[in-house]
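One structure is given here, and the rest of the page talks about it.
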Amino acid sequence: MTLKTDIPLVKTLKEQCRMCYSCVRECPAKAIRIYGGQAEVINERCIGCGNCVHICSQNAKIVRSSKVNVQELLSGEKKTAALVAPSFPAEFTSINYKNVVGMMRELGFDYVVEVAFGADLVSAKYRELLRAEKYKSYIGTTCPSVVFFIEKYHSVLVKNLAPIVSPMVAAARAVHRLYGDDLKIVFIGPCIAKKDEAARPDIAQDIDEVLTFRELREMFMSKDIKPENVERSEFDPPHGGRGTLYPIGGGMLQASDLNENFLSMDIVASSGNKQFVQAIKEYETVEHSTVLLELNCCEGCISGSGISHNLPLYTKRGYVSAFAEKRHKELDIEKYNKLIAEFSDLNLFADFSEDDHRVPPPSNIELREILSKMEKYQPKDELNCGACGYDTCVEHATAIHKGLAENEMCLPFTIEKLRKTATELAESYEELVKAKQAMIQSEKLASLGRMASGIAHEINNPLTGVLTYSSLMKEEMKGSSSEEDIDVIINETMRCRKIVKGLLDFARNSSVEKVMANVNDIIQETVAILKKHMTFQNIRMHIELSGKIPMAELDISQMRSVFNNLAENAAHAMPEGGDLNITTDLDETGKNIIITVADSGTGIAEENITKIFDPFFTTKEAGKGTGLGLAVIYGIIEQHYGTIKVSSVPGHGAVFTITLPARGGIKL
């Protein structure tokens, strides 16, 4: 079916769409496509139920406006009539209906007529149809959204649609007969689907435009029309009877004297955007004896998206019921029956056609492929949480296959993806911080190395002179009272010389002579020498060297210095004795050698962890350390394209971890 308009009924304001998927969840036709995280209504799939408009908290859905066209009709030369849906008491709850009619006349309408009379004509046709076709089964056609849904998604049931127009069309045809064929007619009600119904080729000549109650209020405001400023007025004929009940769920059956029978289930009514879909599915697939299935996409027309407020359902129902009761008491039955008889020959026939928009579902293989991309490999992985707007993961995957949805709509999948990304970013950031710290340390060491080399050579010669002459003076002054002073000079000079030696060692870090060697052999040779020193007499040494360690490019002399310095530092941290553990192993990739040197000593204070590799930083007592040992070690390891890290818990020792390339020559 092709509508006589190219303008979409509902559009999305993309800048206001917030990816909540509420519209997807509430759309019974699944006519919402998510593209780039934005929801857009697919016009050819839309049934005009308005749920997406009603549910959108961001007001991102806008309905095709009819205000400009209606204003043009009102400004034209031809007379105009407003057909007012019987749900109007649920919209204008605080205004007397005569004031509402007066406001419409003030707006420019020549006639204001109740659609309730059209509903009465339709009710009579349903009674006539069911009497004549006792063995056929029909689906009511009073709700345009239900009709569109069946035409588009259950086309096999088109033959079951009752061939009767809606109350809107029936009222329009009656008004044309009364007031002339050239009359311009505007339907005013709560349903946006009426806009597309009025654009159907077989109906377009009956209805010229459709306004929602919301649009009517906006037109009142633009013209500054207020109820207290207009003259009260009554509806123009024809006046309705029990058709005033149509907006209430099941009201059509009551108005038609077709009561729902729970024993025989020959007449069944259902309302609500999920309930009507389920009812149609069962009607199509389950054997039944239903004569008439009366469906309403909303919870009655009083819940239409064209209503401008959100009063509770039963409150709105109460306003409609109260008005219906009042009109029924005031109705001139004799005059009413005569009028109904006059219109008994009015053409109320409707013809519906298939407009199939179903898309073939994916095969099982295609379905599993789509689900696997969302890390749903087995049925137990399908959470069916509904956050994507679809009831099940399979429905979501099917929508992806149809081009209606995206993987990222799956909230658990997206959260896990974001978590992994956040972890990777955190790891990358940590590596960048470490690389920056290593670069700063390297530049610091290089600068200090150059400075140290110059200072060491300048100081070394005078120190040698001081030490030589101090030793000669000691020989000459042996036994005198000044001998102890000379010893102080010699000891302090020796300490300065030790510092100078450390500076030279530090400066020489820039030059390495690598050969193929096994780090296990270097550790064993170093440990063998250390065991002979008095410093290690109270130290229990535990050596665990992996047999998988390959040869690597190493400067043997410098690596001995590394293990010697680390072992000595560990021993100084355990003055009363303790355990020293040295281990080697390969990492899980097999590309790096991991060496750990751990002690059970006093540990390193947290505030000193970041400083221990700085030149001249030491926690030892004055005269017992230069603070260059760990700086020298850091430089040696870096020259071997490795890394050295330290971890410590004060009072529970320290662990130094060295990582070296297993084959050498590749910077980590």
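Following the order of the structure tokens, chains are lettered A, B, ..., residues in each are numbered from 1, and ligands are numbered from 1.
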| said: as number ranges by chain, please: the residues near range 544-552 of chain A (cut-off 12 Å, only C-alpha atoms, same-chain neighbours under 6 positions excluded). | reply: A: 514-524, 559, 580-587, 590-598, 640-642, 660-666
Inset, instruction - For range 305-308 of chain A, list every protein, DNA or RNA residue within 6 Å, evaluated using only C-alpha atoms, and leave out those in the same chain fewer than 4 positions away; present the list as a list in words. - result: Gly50, His54, Pro190, Cys191, Thr212, Phe213 and Arg214 of chain A
Exercise for review: Give the alpha helix (DSSP H) residues of range 197-445 of chain A, as DSSP finds them on the backbone, and put them as a VMD selection string.
Suggested key: chain A and resid 197 213 to 222 251 to 255 275 to 285 313 to 330 333 to 342 364 to 373 393 to 401 411 to 445
One residue among A:Val147, A:Ile302, A:Met477, A:Met439 is nearest to Thr643 in chain A when using only C-alpha atoms, and that residue is A:Met439
Might you pull out every residue within 10 Å of His396 in chain A, with only C-alpha atoms counted and same-chain residues fewer than 6 positions away left off, and present them as a list in words? Leu367, Ile370, Leu371, Asn384, Gly386, Cys388, Gly389, Tyr390, Lys402, Leu404, Ala405, Glu406, Asn407, Met409 and Cys410 of chain A
In Å and to one decimal, CA of Ala198 in chain A is distant from CA of Val112 in chain A by 18.4 Å
